[in-house]
file model.cif (mmCIF, C-alpha atoms)
data_query
loop_
_atom_site.group_PDB
_atom_site.id
_atom_site.type_symbol
_atom_site.label_atom_id
_atom_site.label_comp_id
_atom_site.auth_asym_id
_atom_site.auth_seq_id
_atom_site.Cartn_x
_atom_site.Cartn_y
_atom_site.Cartn_z
ATOM 1 C CA MET A 1 216.024 94.141 96.447
ATOM 2 C CA LYS A 2 218.932 95.890 94.769
ATOM 3 C CA GLN A 3 218.771 99.692 94.499
ATOM 4 C CA LEU A 4 219.210 101.323 91.149
ATOM 5 C CA ASP A 5 222.335 103.507 91.199
ATOM 6 C CA ILE A 6 221.421 106.651 89.290
ATOM 7 C CA GLY A 7 224.472 108.643 90.375
ATOM 8 C CA SER A 8 224.358 112.178 91.653
ATOM 9 C CA LEU A 9 224.684 115.699 90.358
ATOM 10 C CA GLN A 10 227.026 116.350 93.279
ATOM 11 C CA GLY A 11 230.665 115.397 92.921
ATOM 12 C CA GLU A 12 231.913 112.289 94.718
ATOM 13 C CA GLU A 13 234.489 114.326 96.689
ATOM 14 C CA LYS A 14 231.827 116.753 97.911
ATOM 15 C CA ILE A 15 229.569 113.895 99.017
ATOM 16 C CA ARG A 16 232.477 112.153 100.774
ATOM 17 C CA LYS A 17 233.562 115.321 102.605
ATOM 18 C CA ALA A 18 229.992 116.118 103.703
ATOM 19 C CA GLY A 19 229.741 112.532 105.003
ATOM 20 C CA GLU A 20 232.903 113.008 107.068
ATOM 21 C CA PHE A 21 231.433 116.132 108.692
ATOM 22 C CA PHE A 22 228.152 114.329 109.333
ATOM 23 C CA LYS A 23 230.008 111.437 110.996
ATOM 24 C CA GLN A 24 231.914 113.852 113.266
ATOM 25 C CA ILE A 25 228.676 115.586 114.252
ATOM 26 C CA ALA A 26 226.921 112.248 114.865
ATOM 27 C CA ASP A 27 229.835 110.995 116.991
ATOM 28 C CA LEU A 28 229.838 114.211 119.063
ATOM 29 C CA ASN A 29 226.069 113.974 119.511
ATOM 30 C CA LYS A 30 226.442 110.421 120.853
ATOM 31 C CA GLU A 31 229.196 111.555 123.218
ATOM 32 C CA TYR A 32 227.069 114.505 124.394
ATOM 33 C CA PHE A 33 224.040 112.244 124.952
ATOM 34 C CA THR A 34 226.148 109.970 127.167
ATOM 35 C CA TYR A 35 227.400 112.986 129.126
ATOM 36 C CA TRP A 36 223.846 114.381 129.426
ATOM 37 C CA TYR A 37 222.508 111.026 130.604
ATOM 38 C CA HIS A 38 225.062 110.788 133.417
ATOM 39 C CA HIS A 39 225.239 114.456 134.476
ATOM 40 C CA THR A 40 221.825 115.997 133.722
ATOM 41 C CA PHE A 41 219.101 113.375 133.337
ATOM 42 C CA LEU A 42 216.926 113.337 136.495
ATOM 43 C CA HIS A 43 219.142 115.900 138.280
ATOM 44 C CA TRP A 44 217.717 119.172 139.650
ATOM 45 C CA ASP A 45 218.440 121.119 136.450
ATOM 46 C CA PHE A 46 216.658 118.522 134.324
ATOM 47 C CA ILE A 47 213.607 118.531 136.624
ATOM 48 C CA LEU A 48 213.472 122.340 136.743
ATOM 49 C CA SER A 49 213.737 122.453 132.945
ATOM 50 C CA TRP A 50 210.684 120.218 132.637
ATOM 51 C CA VAL A 51 208.759 122.254 135.216
ATOM 52 C CA LEU A 52 209.551 125.358 133.137
ATOM 53 C CA ALA A 53 208.511 123.544 129.969
ATOM 54 C CA ILE A 54 205.141 122.351 131.303
ATOM 55 C CA GLY A 55 204.201 124.871 134.013
ATOM 56 C CA PRO A 56 203.599 127.905 131.780
ATOM 57 C CA TRP A 57 201.238 125.896 129.570
ATOM 58 C CA ILE A 58 199.206 124.789 132.601
ATOM 59 C CA PHE A 59 199.016 128.432 133.704
ATOM 60 C CA TRP A 60 197.975 129.518 130.200
ATOM 61 C CA VAL A 61 195.269 126.836 129.846
ATOM 62 C CA LYS A 62 193.767 127.932 133.158
ATOM 63 C CA TYR A 63 193.914 131.712 132.683
ATOM 64 C CA ARG A 64 193.614 132.249 128.911
ATOM 65 C CA LYS A 65 190.731 134.074 127.293
ATOM 66 C CA LYS A 66 188.685 131.054 126.246
ATOM 67 C CA ASP A 67 187.119 132.847 123.280
ATOM 68 C CA SER A 68 190.593 133.668 121.877
ATOM 69 C CA THR A 69 192.148 130.216 122.200
ATOM 70 C CA GLY A 70 192.587 129.526 118.475
ATOM 71 C CA ARG A 71 194.042 132.951 117.720
ATOM 72 C CA LEU A 72 196.429 132.811 120.670
ATOM 73 C CA LEU A 73 197.577 129.263 119.892
ATOM 74 C CA PHE A 74 198.307 130.240 116.299
ATOM 75 C CA VAL A 75 200.427 133.145 117.525
ATOM 76 C CA GLY A 76 202.064 130.887 120.126
ATOM 77 C CA PHE A 77 203.068 128.413 117.434
ATOM 78 C CA PHE A 78 204.535 131.250 115.378
ATOM 79 C CA ALA A 79 206.545 132.319 118.461
ATOM 80 C CA ILE A 80 207.756 128.720 118.870
ATOM 81 C CA ILE A 81 208.978 128.589 115.272
ATOM 82 C CA PHE A 82 210.568 132.050 115.478
ATOM 83 C CA SER A 83 212.367 131.490 118.790
ATOM 84 C CA SER A 84 213.398 127.894 118.020
ATOM 85 C CA TRP A 85 214.919 128.784 114.685
ATOM 86 C CA LEU A 86 216.900 131.747 116.033
ATOM 87 C CA ASP A 87 217.924 129.838 119.164
ATOM 88 C CA PHE A 88 219.142 126.921 117.068
ATOM 89 C CA LEU A 89 221.033 129.265 114.762
ATOM 90 C CA GLY A 90 222.680 131.142 117.643
ATOM 91 C CA SER A 91 223.760 128.013 119.455
ATOM 92 C CA GLU A 92 224.968 126.305 116.279
ATOM 93 C CA ILE A 93 227.243 129.185 115.306
ATOM 94 C CA GLY A 94 228.636 129.406 118.837
ATOM 95 C CA LEU A 95 227.013 132.542 120.254
ATOM 96 C CA TRP A 96 225.695 130.719 123.340
ATOM 97 C CA TYR A 97 224.953 127.248 124.654
ATOM 98 C CA TYR A 98 222.818 125.599 127.318
ATOM 99 C CA THR A 99 223.362 123.221 130.194
ATOM 100 C CA GLY A 100 220.677 121.306 132.063
ATOM 101 C CA VAL A 101 218.703 120.725 128.882
ATOM 102 C CA ALA A 102 215.427 118.843 129.062
ATOM 103 C CA ILE A 103 216.159 116.959 125.840
ATOM 104 C CA PRO A 104 219.702 116.688 124.452
ATOM 105 C CA THR A 105 218.591 117.452 120.901
ATOM 106 C CA ILE A 106 217.222 120.283 118.817
ATOM 107 C CA PRO A 107 215.734 122.693 119.850
ATOM 108 C CA SER A 108 218.493 123.992 121.997
ATOM 109 C CA TYR A 109 216.464 124.675 125.133
ATOM 110 C CA VAL A 110 212.877 123.406 125.169
ATOM 111 C CA PRO A 111 211.595 125.617 128.027
ATOM 112 C CA TRP A 112 212.699 128.811 126.232
ATOM 113 C CA ASP A 113 211.509 127.944 122.767
ATOM 114 C CA PHE A 114 208.434 125.826 123.374
ATOM 115 C CA SER A 115 207.059 127.279 126.570
ATOM 116 C CA LEU A 116 208.362 130.421 128.249
ATOM 117 C CA PHE A 117 208.584 132.716 125.198
ATOM 118 C CA PRO A 118 205.385 131.666 123.409
ATOM 119 C CA VAL A 119 203.280 131.556 126.578
ATOM 120 C CA ALA A 120 204.606 134.960 127.649
ATOM 121 C CA VAL A 121 203.692 136.390 124.232
ATOM 122 C CA MET A 122 200.177 134.940 124.466
ATOM 123 C CA VAL A 123 199.703 136.320 127.987
ATOM 124 C CA PHE A 124 200.974 139.750 126.945
ATOM 125 C CA LEU A 125 198.607 139.782 123.963
ATOM 126 C CA GLN A 126 195.591 139.208 126.224
ATOM 127 C CA MET A 127 196.634 141.693 128.903
ATOM 128 C CA LYS A 128 195.786 145.357 128.464
ATOM 129 C CA PRO A 129 194.538 145.048 124.863
ATOM 130 C CA GLY A 130 194.201 148.837 124.624
ATOM 131 C CA TRP A 131 197.886 149.452 125.230
ATOM 132 C CA SER A 132 200.224 150.217 122.368
ATOM 133 C CA PRO A 133 201.793 147.037 120.951
ATOM 134 C CA TYR A 134 205.128 148.892 120.872
ATOM 135 C CA LEU A 135 204.944 149.625 124.596
ATOM 136 C CA LYS A 136 204.040 146.006 125.297
ATOM 137 C CA ALA A 137 206.875 144.845 122.999
ATOM 138 C CA ALA A 138 209.300 147.086 124.897
ATOM 139 C CA ILE A 139 208.173 145.668 128.249
ATOM 140 C CA TYR A 140 208.280 142.079 126.932
ATOM 141 C CA SER A 141 211.754 142.599 125.432
ATOM 142 C CA THR A 142 213.079 144.218 128.599
ATOM 143 C CA LEU A 143 211.811 141.361 130.766
ATOM 144 C CA CYS A 144 213.188 138.688 128.430
ATOM 145 C CA SER A 145 216.568 140.343 127.788
ATOM 146 C CA PHE A 146 217.415 141.920 131.124
ATOM 147 C CA VAL A 147 215.520 139.772 133.630
ATOM 148 C CA ALA A 148 214.967 136.257 132.229
ATOM 149 C CA GLU A 149 218.307 135.841 130.455
ATOM 150 C CA PRO A 150 220.383 136.951 133.491
ATOM 151 C CA ILE A 151 218.373 134.660 135.781
ATOM 152 C CA PHE A 152 218.978 131.705 133.474
ATOM 153 C CA ARG A 153 222.644 132.633 133.249
ATOM 154 C CA TRP A 154 222.822 132.749 137.064
ATOM 155 C CA LEU A 155 221.161 129.311 137.218
ATOM 156 C CA GLY A 156 223.861 128.072 134.845
ATOM 157 C CA TYR A 157 221.462 127.093 132.064
ATOM 158 C CA TYR A 158 222.408 129.834 129.608
ATOM 159 C CA VAL A 159 226.076 130.392 128.824
ATOM 160 C CA LEU A 160 226.960 133.424 126.704
ATOM 161 C CA VAL A 161 229.982 132.962 124.447
ATOM 162 C CA HIS A 162 229.792 135.745 121.861
ATOM 163 C CA TRP A 163 226.554 137.431 122.865
ATOM 164 C CA ALA A 164 225.278 140.255 125.078
ATOM 165 C CA TYR A 165 221.863 140.690 126.684
ATOM 166 C CA TRP A 166 221.150 143.953 124.912
ATOM 167 C CA TRP A 167 221.542 142.249 121.515
ATOM 168 C CA SER A 168 218.520 140.122 122.411
ATOM 169 C CA PHE A 169 216.299 143.152 123.004
ATOM 170 C CA PRO A 170 215.556 144.011 119.324
ATOM 171 C CA ILE A 171 214.975 140.341 118.515
ATOM 172 C CA TYR A 172 212.378 139.932 121.275
ATOM 173 C CA PHE A 173 210.868 143.279 120.290
ATOM 174 C CA LEU A 174 210.510 142.165 116.662
ATOM 175 C CA MET A 175 209.098 138.786 117.705
ATOM 176 C CA TYR A 176 206.433 140.449 119.851
ATOM 177 C CA ILE A 177 205.464 142.966 117.140
ATOM 178 C CA LEU A 178 205.150 140.173 114.544
ATOM 179 C CA CYS A 179 203.057 138.110 116.955
ATOM 180 C CA ASP A 180 200.832 141.123 117.634
ATOM 181 C CA LYS A 181 200.335 141.711 113.894
ATOM 182 C CA ILE A 182 199.534 138.041 113.307
ATOM 183 C CA SER A 183 197.048 138.024 116.187
ATOM 184 C CA LYS A 184 195.121 140.871 114.547
ATOM 185 C CA MET A 185 194.664 139.176 111.186
ATOM 186 C CA THR A 186 191.009 139.025 110.152
ATOM 187 C CA THR A 187 191.202 135.321 109.268
ATOM 188 C CA PHE A 188 191.109 134.464 112.958
ATOM 189 C CA SER A 189 187.386 134.972 113.068
ATOM 190 C CA LYS A 190 187.168 131.418 111.673
ATOM 191 C CA LEU A 191 189.406 129.985 114.431
ATOM 192 C CA ASP A 192 187.541 131.420 117.415
ATOM 193 C CA PRO A 193 183.819 130.998 118.097
#
call {"tool": "encode", "arguments": {"input": "model.cif", "output": "structure tokens"}}
result
Amino acid sequence: MKQLDIGSLQGEEKIRKAGEFFKQIADLNKEYFTYWYHHTFLHWDFILSWVLAIGPWIFWVKYRKKDSTGRLLFVGFFAIIFSSWLDFLGSEIGLWYYTGVAIPTIPSYVPWDFSLFPVAVMVFLQMKPGWSPYLKAAIYSTLCSFVAEPIFRWLGYYVLVHWAYWWSFPIYFLMYILCDKISKMTTFSKLDP
């Protein structure tokens, strides 16, 4: 069936130029996938990435507060969105990049964005509920910025280009505080029994 050509509000030159950029990106993605397949897939860094992507969730399922599952999962999904978006943005504008990725696509590094950060937030929220959220945010941010990031850099997963560990601290701090605020919303009484 023939498509009806209704034109576009965008100029032809703009559409053509955007298409050229898209083609370059698509070609580079294909080249990177081939490289990843031959140099990462099923190698030690790939396997460790998947252990780090799955292991924290197994730990969380076993040790979570069962009566807070819905509330914690909601907060965990917020942490996934928050960390994935910022991680994608940072890697796309050239602040850092990853090697040994579990999946050679977006998000940049699955274990960070979909497992380690959100599970750590959920664990921190359940631990010591009487502690100040700002103290817990400071501890969380310190561990993420000055312990986890250097370890992943040492492993060769995380390569800093135009970034410093201490710049991550306020971002992790803000993420934890937002997660804490979300976890205390009164609407969660409907999610948990």
call {"tool": "atom_distance", "arguments": {"input": "model.cif", "atom1": "atom CA of A:Phe124", "atom2": "atom CA of A:Gly90"}}
result
25.1 Å
call {"tool": "closest_residue", "arguments": {"input": "model.cif", "among": "A:Glu20, A:Asp113, A:Glu92, A:Asp67", "to": "A:Ala79", "atoms": "only C-alpha atoms"}}
result
A:Asp113
call {"tool": "closest_residue", "arguments": {"input": "model.cif", "among": "A:Tyr172, A:Trp112, A:Phe152, A:Trp57", "to": "A:Asp45", "atoms": "all atoms listed in the file"}}
result
A:Phe152
call {"tool": "closest_residue", "arguments": {"input": "model.cif", "among": "A:Tyr134, A:Phe117, A:Phe77, A:Tyr97", "to": "A:Gly156", "atoms": "all atoms listed in the file"}}
result
A:Tyr97
call {"tool": "resolve_selection", "arguments": {"input": "model.cif", "expression": "the PyMOL selection byres ((chain A and resi 140) around 10)", "output": "compact mmCIF listing (two decimals) with C-alpha atoms, keeping the file's coordinate frame"}}
result
# COMPACT_ATOMS: atom_id res chain seq x y z
CA PHE A 117 208.58 132.72 125.20
CA ALA A 120 204.61 134.96 127.65
CA VAL A 121 203.69 136.39 124.23
CA PHE A 124 200.97 139.75 126.94
CA TYR A 134 205.13 148.89 120.87
CA LEU A 135 204.94 149.62 124.60
CA LYS A 136 204.04 146.01 125.30
CA ALA A 137 206.88 144.84 123.00
CA ALA A 138 209.30 147.09 124.90
CA ILE A 139 208.17 145.67 128.25
CA SER A 141 211.75 142.60 125.43
CA THR A 142 213.08 144.22 128.60
CA LEU A 143 211.81 141.36 130.77
CA CYS A 144 213.19 138.69 128.43
CA SER A 145 216.57 140.34 127.79
CA PHE A 169 216.30 143.15 123.00
CA TYR A 172 212.38 139.93 121.28
CA PHE A 173 210.87 143.28 120.29
CA MET A 175 209.10 138.79 117.70
CA TYR A 176 206.43 140.45 119.85
call {"tool": "atom_distance", "arguments": {"input": "model.cif", "atom1": "atom CA of A:Pro56", "atom2": "atom CA of A:Gly130"}}
result
24.0 Å
call {"tool": "resolve_selection", "arguments": {"input": "model.cif", "expression": "the PyMOL selection byres ((chain A and resi 109) around 12)", "output": "JSON list (two decimals) with C-alpha atoms, in the frame of the given file"}}
result
[["chain", "number", "residue", "atom", "x", "y", "z"],
["A", 46, "PHE", "CA", 216.66, 118.52, 134.32],
["A", 49, "SER", "CA", 213.74, 122.45, 132.94],
["A", 50, "TRP", "CA", 210.68, 120.22, 132.64],
["A", 52, "LEU", "CA", 209.55, 125.36, 133.14],
["A", 53, "ALA", "CA", 208.51, 123.54, 129.97],
["A", 80, "ILE", "CA", 207.76, 128.72, 118.87],
["A", 83, "SER", "CA", 212.37, 131.49, 118.79],
["A", 84, "SER", "CA", 213.40, 127.89, 118.02],
["A", 85, "TRP", "CA", 214.92, 128.78, 114.68],
["A", 86, "LEU", "CA", 216.90, 131.75, 116.03],
["A", 87, "ASP", "CA", 217.92, 129.84, 119.16],
["A", 88, "PHE", "CA", 219.14, 126.92, 117.07],
["A", 90, "GLY", "CA", 222.68, 131.14, 117.64],
["A", 91, "SER", "CA", 223.76, 128.01, 119.46],
["A", 96, "TRP", "CA", 225.70, 130.72, 123.34],
["A", 97, "TYR", "CA", 224.95, 127.25, 124.65],
["A", 98, "TYR", "CA", 222.82, 125.60, 127.32],
["A", 99, "THR", "CA", 223.36, 123.22, 130.19],
["A", 100, "GLY", "CA", 220.68, 121.31, 132.06],
["A", 101, "VAL", "CA", 218.70, 120.72, 128.88],
["A", 102, "ALA", "CA", 215.43, 118.84, 129.06],
["A", 103, "ILE", "CA", 216.16, 116.96, 125.84],
["A", 104, "PRO", "CA", 219.70, 116.69, 124.45],
["A", 105, "THR", "CA", 218.59, 117.45, 120.90],
["A", 106, "ILE", "CA", 217.22, 120.28, 118.82],
["A", 107, "PRO", "CA", 215.73, 122.69, 119.85],
["A", 108, "SER", "CA", 218.49, 123.99, 122.00],
["A", 110, "VAL", "CA", 212.88, 123.41, 125.17],
["A", 111, "PRO", "CA", 211.60, 125.62, 128.03],
["A", 112, "TRP", "CA", 212.70, 128.81, 126.23],
["A", 113, "ASP", "CA", 211.51, 127.94, 122.77],
["A", 114, "PHE", "CA", 208.43, 125.83, 123.37],
["A", 115, "SER", "CA", 207.06, 127.28, 126.57],
["A", 116, "LEU", "CA", 208.36, 130.42, 128.25],
["A", 117, "PHE", "CA", 208.58, 132.72, 125.20],
["A", 152, "PHE", "CA", 218.98, 131.71, 133.47],
["A", 157, "TYR", "CA", 221.46, 127.09, 132.06],
["A", 158, "TYR", "CA", 222.41, 129.83, 129.61],
["A", 159, "VAL", "CA", 226.08, 130.39, 128.82]]
call {"tool": "atom_distance", "arguments": {"input": "model.cif", "atom1": "atom CA of A:Ile15", "atom2": "atom CA of A:Phe33"}}
result
26.6 Å
call {"tool": "closest_residue", "arguments": {"input": "model.cif", "among": "A:Ile47, A:Leu73, A:Leu9, A:Leu95", "to": "A:Trp163", "atoms": "all atoms listed in the file"}}
result
A:Leu95
call {"tool": "axis_aligned_box", "arguments": {"input": "model.cif", "around": "stretch 143-159 of chain A", "padding_each_side": "6 Å", "output": "JSON"}}
result
{"center_x": 218.9, "center_y": 134.5, "center_z": 132.5, "size_x": 26.3, "size_y": 26.8, "size_z": 21.4}
call {"tool": "closest_residue", "arguments": {"input": "model.cif", "among": "A:Lys65, A:His43, A:Val119, A:Pro133", "to": "A:Ile177", "atoms": "all atoms listed in the file"}}
result
A:Pro133
call {"tool": "resolve_selection", "arguments": {"input": "model.cif", "expression": "the PyMOL selection byres ((chain A and resi 75) around 9)", "output": "VMD selection string"}}
result
chain A and resid 70 to 74 76 to 80 118 121 to 122 178 to 180 182 to 183
